[in-house]
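Participant: My structure is stored as model.txt, with compact mmCIF, C-alpha atoms.
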# COMPACT_ATOMS: atom_id res chain seq x y z
CA MET A 1 -11.58 6.36 -18.27
CA THR A 2 -9.21 9.09 -19.47
CA ILE A 3 -6.30 8.39 -21.83
CA LYS A 4 -3.86 8.85 -18.95
CA GLU A 5 -5.79 6.37 -16.77
CA THR A 6 -5.95 3.89 -19.65
CA ILE A 7 -2.19 4.11 -20.12
CA MET A 8 -1.54 3.69 -16.40
CA THR A 9 -3.94 0.76 -15.94
CA THR A 10 -2.61 -1.02 -19.02
CA ALA A 11 1.02 -0.41 -18.07
CA ALA A 12 0.44 -1.63 -14.51
CA GLN A 13 -0.94 -4.93 -15.78
CA LEU A 14 1.92 -5.37 -18.24
CA PHE A 15 4.52 -4.50 -15.60
CA LEU A 16 3.04 -7.14 -13.30
CA GLU A 17 3.02 -9.74 -16.07
CA LYS A 18 6.39 -9.01 -17.71
CA GLY A 19 8.31 -6.75 -15.33
CA ILE A 20 9.48 -3.23 -16.04
CA HIS A 21 12.38 -4.22 -18.26
CA GLY A 22 10.30 -6.83 -20.08
CA THR A 23 7.64 -4.28 -21.02
CA SER A 24 8.40 -1.92 -23.87
CA ILE A 25 6.78 1.44 -24.49
CA LYS A 26 5.49 -0.05 -27.75
CA ALA A 27 3.80 -2.90 -25.85
CA ILE A 28 2.12 -0.39 -23.54
CA THR A 29 0.88 1.88 -26.31
CA THR A 30 -0.34 -1.05 -28.41
CA ALA A 31 -2.22 -2.66 -25.51
CA ALA A 32 -3.67 0.70 -24.43
CA GLY A 33 -4.63 1.62 -27.99
CA VAL A 34 -2.79 4.94 -27.89
CA SER A 35 0.11 6.50 -29.76
CA ASN A 36 3.64 6.94 -28.43
CA GLY A 37 2.97 10.68 -28.43
CA ALA A 38 -0.03 10.22 -26.15
CA LEU A 39 2.06 8.27 -23.65
CA PHE A 40 4.93 10.77 -23.75
CA ASN A 41 2.46 13.62 -23.38
CA TYR A 42 1.83 12.36 -19.83
CA PHE A 43 5.06 10.55 -18.92
CA ALA A 44 8.64 11.48 -19.87
CA ASN A 45 9.82 7.87 -19.54
CA LYS A 46 8.97 4.46 -18.15
CA ASP A 47 10.33 5.28 -14.68
CA GLU A 48 8.00 8.25 -14.44
CA LEU A 49 5.10 5.99 -15.46
CA VAL A 50 5.99 3.44 -12.76
CA LEU A 51 6.13 6.22 -10.14
CA ALA A 52 2.77 7.59 -11.28
CA ILE A 53 1.12 4.16 -10.99
CA TYR A 54 2.75 3.53 -7.62
CA SER A 55 1.57 6.94 -6.36
CA MET A 56 -1.95 6.37 -7.67
CA TYR A 57 -2.23 3.04 -5.86
CA LYS A 58 -0.71 4.41 -2.65
CA ASP A 59 -3.18 7.32 -2.81
CA ASP A 60 -6.04 4.84 -3.14
CA LEU A 61 -4.79 2.95 -0.09
CA ARG A 62 -4.27 6.18 1.84
CA ASN A 63 -7.80 7.39 1.08
CA THR A 64 -9.25 4.08 2.24
CA LEU A 65 -7.31 4.25 5.49
CA TYR A 66 -8.16 7.89 6.07
CA CYS A 67 -11.90 7.27 5.65
CA ASN A 68 -11.85 4.38 8.13
CA LEU A 69 -9.97 6.01 11.01
CA ASN A 70 -11.23 8.24 13.80
CA GLN A 71 -8.59 10.33 15.56
CA ASP A 72 -10.77 10.48 18.68
CA ASP A 73 -10.57 6.71 19.22
CA GLY A 74 -8.19 5.24 21.76
CA ILE A 75 -4.99 3.72 20.39
CA ARG A 76 -6.27 0.12 20.42
CA LYS A 77 -9.45 0.92 18.46
CA PHE A 78 -7.51 3.23 16.15
CA LEU A 79 -4.94 0.53 15.35
CA GLN A 80 -7.61 -2.15 14.95
CA ASP A 81 -9.46 0.02 12.42
CA TYR A 82 -6.15 0.72 10.65
CA TRP A 83 -5.43 -3.05 10.64
CA ASN A 84 -8.87 -3.92 9.25
CA ALA A 85 -8.80 -1.22 6.57
CA MET A 86 -5.28 -2.15 5.46
CA ILE A 87 -6.06 -5.87 5.16
CA HIS A 88 -9.44 -5.42 3.49
CA TRP A 89 -7.96 -2.98 0.96
CA ALA A 90 -5.23 -5.50 0.08
CA LEU A 91 -7.72 -8.37 -0.25
CA ASN A 92 -10.09 -6.27 -2.37
CA ASN A 93 -7.30 -4.84 -4.57
CA PRO A 94 -4.88 -7.71 -5.16
CA ASP A 95 -3.32 -6.25 -8.32
CA LYS A 96 -2.75 -2.87 -6.69
CA LYS A 97 -1.24 -4.52 -3.62
CA LYS A 98 0.96 -6.74 -5.79
CA PHE A 99 2.15 -3.72 -7.77
CA ILE A 100 3.03 -1.80 -4.60
CA MET A 101 4.86 -4.80 -3.15
CA THR A 102 6.65 -5.61 -6.41
CA PHE A 103 7.86 -2.12 -7.22
CA ALA A 104 8.32 -0.60 -3.75
CA LEU A 105 11.98 -1.62 -3.71
CA GLN A 106 12.86 -0.32 -7.18
CA PRO A 107 15.65 2.25 -6.66
CA ASN A 108 13.76 5.06 -8.40
CA VAL A 109 10.63 4.33 -6.34
CA VAL A 110 12.52 4.12 -3.04
CA HIS A 111 14.23 7.45 -3.66
CA CYS A 112 11.10 9.35 -4.70
CA MET A 113 8.58 7.74 -2.41
CA ARG A 114 10.36 7.97 0.94
CA ASN A 115 9.11 11.50 1.58
CA TYR A 116 5.80 10.83 -0.16
CA ASP A 117 4.90 8.03 2.22
CA ARG A 118 5.72 10.10 5.28
CA SER A 119 3.77 13.17 4.15
CA LYS A 120 0.72 11.30 2.87
CA TYR A 121 0.30 9.35 6.09
CA ASP A 122 0.53 12.31 8.44
CA PHE A 123 -2.92 11.42 9.79
CA LEU A 124 -1.40 8.25 11.30
CA ILE A 125 1.96 9.42 12.55
CA PRO A 126 1.07 11.78 15.45
CA LYS A 127 -1.32 9.36 17.15
CA ILE A 128 1.02 6.37 16.90
CA THR A 129 4.07 8.44 17.86
CA LYS A 130 2.23 9.72 20.94
CA ALA A 131 1.28 6.15 21.92
CA ILE A 132 4.96 5.16 21.63
CA GLU A 133 6.14 8.20 23.60
CA ASP A 134 3.46 7.62 26.27
CA LYS A 135 4.58 3.98 26.42
CA GLU A 136 1.08 2.69 25.58
CA ILE A 137 2.69 0.59 22.88
CA ILE A 138 6.21 -0.74 22.54
CA ALA A 139 8.22 0.21 19.46
CA GLU A 140 11.67 1.67 18.86
CA ASN A 141 10.21 4.50 16.80
CA ILE A 142 7.51 5.19 14.24
CA ASP A 143 9.44 3.67 11.33
CA TYR A 144 10.02 0.47 13.29
CA PHE A 145 6.31 0.32 14.12
CA PHE A 146 5.28 0.71 10.47
CA PHE A 147 7.69 -1.99 9.31
CA ILE A 148 6.39 -4.43 11.92
CA PHE A 149 2.77 -3.50 11.26
CA SER A 150 3.03 -3.85 7.49
CA GLY A 151 4.96 -7.11 7.79
CA VAL A 152 2.27 -8.69 9.94
CA THR A 153 -0.65 -7.36 7.88
CA ASP A 154 1.05 -8.59 4.70
CA GLY A 155 1.42 -11.99 6.37
CA ILE A 156 -2.31 -12.09 7.16
CA VAL A 157 -3.17 -11.14 3.57
CA ASN A 158 -0.83 -13.81 2.19
CA TYR A 159 -2.31 -16.41 4.55
CA LEU A 160 -5.87 -15.54 3.50
CA ASN A 161 -4.95 -15.61 -0.18
CA TYR A 162 -3.32 -19.01 0.32
CA ASN A 163 -5.97 -20.49 2.62
CA THR A 164 -9.21 -19.57 0.86
CA GLU A 165 -11.25 -21.80 3.19
CA ALA A 166 -10.36 -19.72 6.26
CA ASP A 167 -12.98 -17.50 7.87
CA ARG A 168 -11.53 -14.14 6.85
CA GLU A 169 -13.02 -12.01 9.60
CA THR A 170 -11.97 -14.46 12.31
CA VAL A 171 -8.41 -14.61 10.97
CA ILE A 172 -8.25 -10.81 10.71
CA SER A 173 -9.63 -10.34 14.22
CA ASN A 174 -7.43 -13.01 15.80
CA GLY A 175 -4.42 -11.65 13.94
CA PHE A 176 -5.01 -8.22 15.42
CA GLN A 177 -5.38 -9.66 18.92
CA GLN A 178 -2.02 -11.41 18.53
CA PHE A 179 -0.41 -8.27 17.11
CA TRP A 180 -1.85 -6.10 19.88
CA ARG A 181 -0.49 -8.42 22.56
CA SER A 182 2.95 -8.10 20.98
CA ILE A 183 3.03 -4.29 21.15
CA VAL A 184 0.92 -3.30 24.15
CA ASN A 185 2.92 -2.15 27.15
CA PHE A 186 1.46 -4.06 30.11
Can you turn what I pasted into C-alpha cells?
Facilitator:
Amino acid sequence: MTIKETIMTTAAQLFLEKGIHGTSIKAITTAAGVSNGALFNYFANKDELVLAIYSMYKDDLRNTLYCNLNQDDGIRKFLQDYWNAMIHWALNNPDKKKFIMTFALQPNVVHCMRNYDRSKYDFLIPKITKAIEDKEIIAENIDYFFFIFSGVTDGIVNYLNYNTEADRETVISNGFQQFWRSIVNF
C-alpha cells in the first residue's frame, strides 16, 4: 500500500469512529505512521482528504457496477443486474458504504460530488432515461429514479445487516421483484 493509500485508509476508519471534527490531523498521521508533511504532500486539508476518500470509494462502487452491466440487456435485466451489483457491493464493503452514507451530505462533499456522480455514472443514465422516456418504467426523471432506487437498495442492505438469518439471495431477488412491480409501466 502506498503512503497516500495508507493515509486515506487510516483517515477513513478514524472519521467513521470519531467523525470529521473529532479526528485531528495529528491523530491521522500518528495512526498511519506518517509525518504531517507526508499528509500535506497529498492533501491540502482535511476536507480535501474526505473528498479523496469519498471519491475513491465511489470509484470502487462505480467500477463494480460497470463490470456487472451489459448495455445490450433489456431494461428489466439491466436494472436487476444493477440492483444485485449495488447490494452485493454494499454488503461486501460495509465500511466503504458506511463512509459514503455518512459523508455524502457533508456540504463540501455535496458541492463537489454533484457533477462527479453524474459524469461517473454516464453508463447508466442513457439506458434508464430512455426507459423513462419510452414509458417502460415510471419515474419523474432520472434523478427521481436514482433516489428511489438507492433508497430501496439501502433498505435491503440494512435489512440484511439487521437480519443475519435471512437468505440473502432470496431477499435480494424478492426485493427486486417488488421494486420492479413499483416502476414498470403496465
Participant: (-5.2, 0.9, -3.2) in this file's frame - what residues fall within 10 Å of it? Use all atoms listed in the file and give the answer as a list in words.
Facilitator: Tyr54, Ser55, Met56, Tyr57, Lys58, Asp59, Asp60, Leu61, Arg62, Asn63, Thr64, Leu65, Met86, Trp89, Ala90, Asn92, Asn93, Pro94, Asp95, Lys96, Lys97, Phe99 and Ile100 of chain A
Participant: Take atom CA of A:Phe146 and atom CA of A:Leu16 and report the distance between them in Å, one decimal.
Facilitator: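 If I compute the distance from atom CA of A:Phe146 to atom CA of A:Leu16, I get 25.1 Å.
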Participant: Taking into account all atoms listed in the file, which residue in the set A:Gln80, A:Asn185, A:Asn41, A:Thr23 is nearest to A:Ile138?
Facilitator: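 Ranking A:Gln80, A:Asn185, A:Asn41, A:Thr23 by distance to A:Ile138, first place goes to A:Asn185.
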Participant: Tell me which of A:Gln13, A:Asn45, A:Lys4, A:Ser150 sits closest to A:Tyr82, counting only C-alpha atoms.
Facilitator: A:Ser150
Participant: What does the structure give for the distance between atom CA of A:Ile142 and atom CA of A:Asn158, in Å to one decimal?
Facilitator: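 Result for atom CA of A:Ile142 versus atom CA of A:Asn158: 24.0 Å, one decimal.
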Participant: Expressed in Å to a single decimal, how great is the separation between atom CA of A:Val171 and atom CA of A:Leu69?
Facilitator: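 Separating atom CA of A:Val171 from atom CA of A:Leu69 is a distance of 20.7 Å.
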Participant: Determine the nearest neighbour of A:Ala104 from the options A:Ile156, A:Ala11, A:Ile132, A:Ile53, counting all atoms listed in the file.
Facilitator: A:Ile53
Participant: Counting all atoms listed in the file, figure out which residue out of A:Ala166, A:Asn161, A:Thr129, A:Glu140 gets nearest to A:Ile75.
Facilitator: A:Thr129
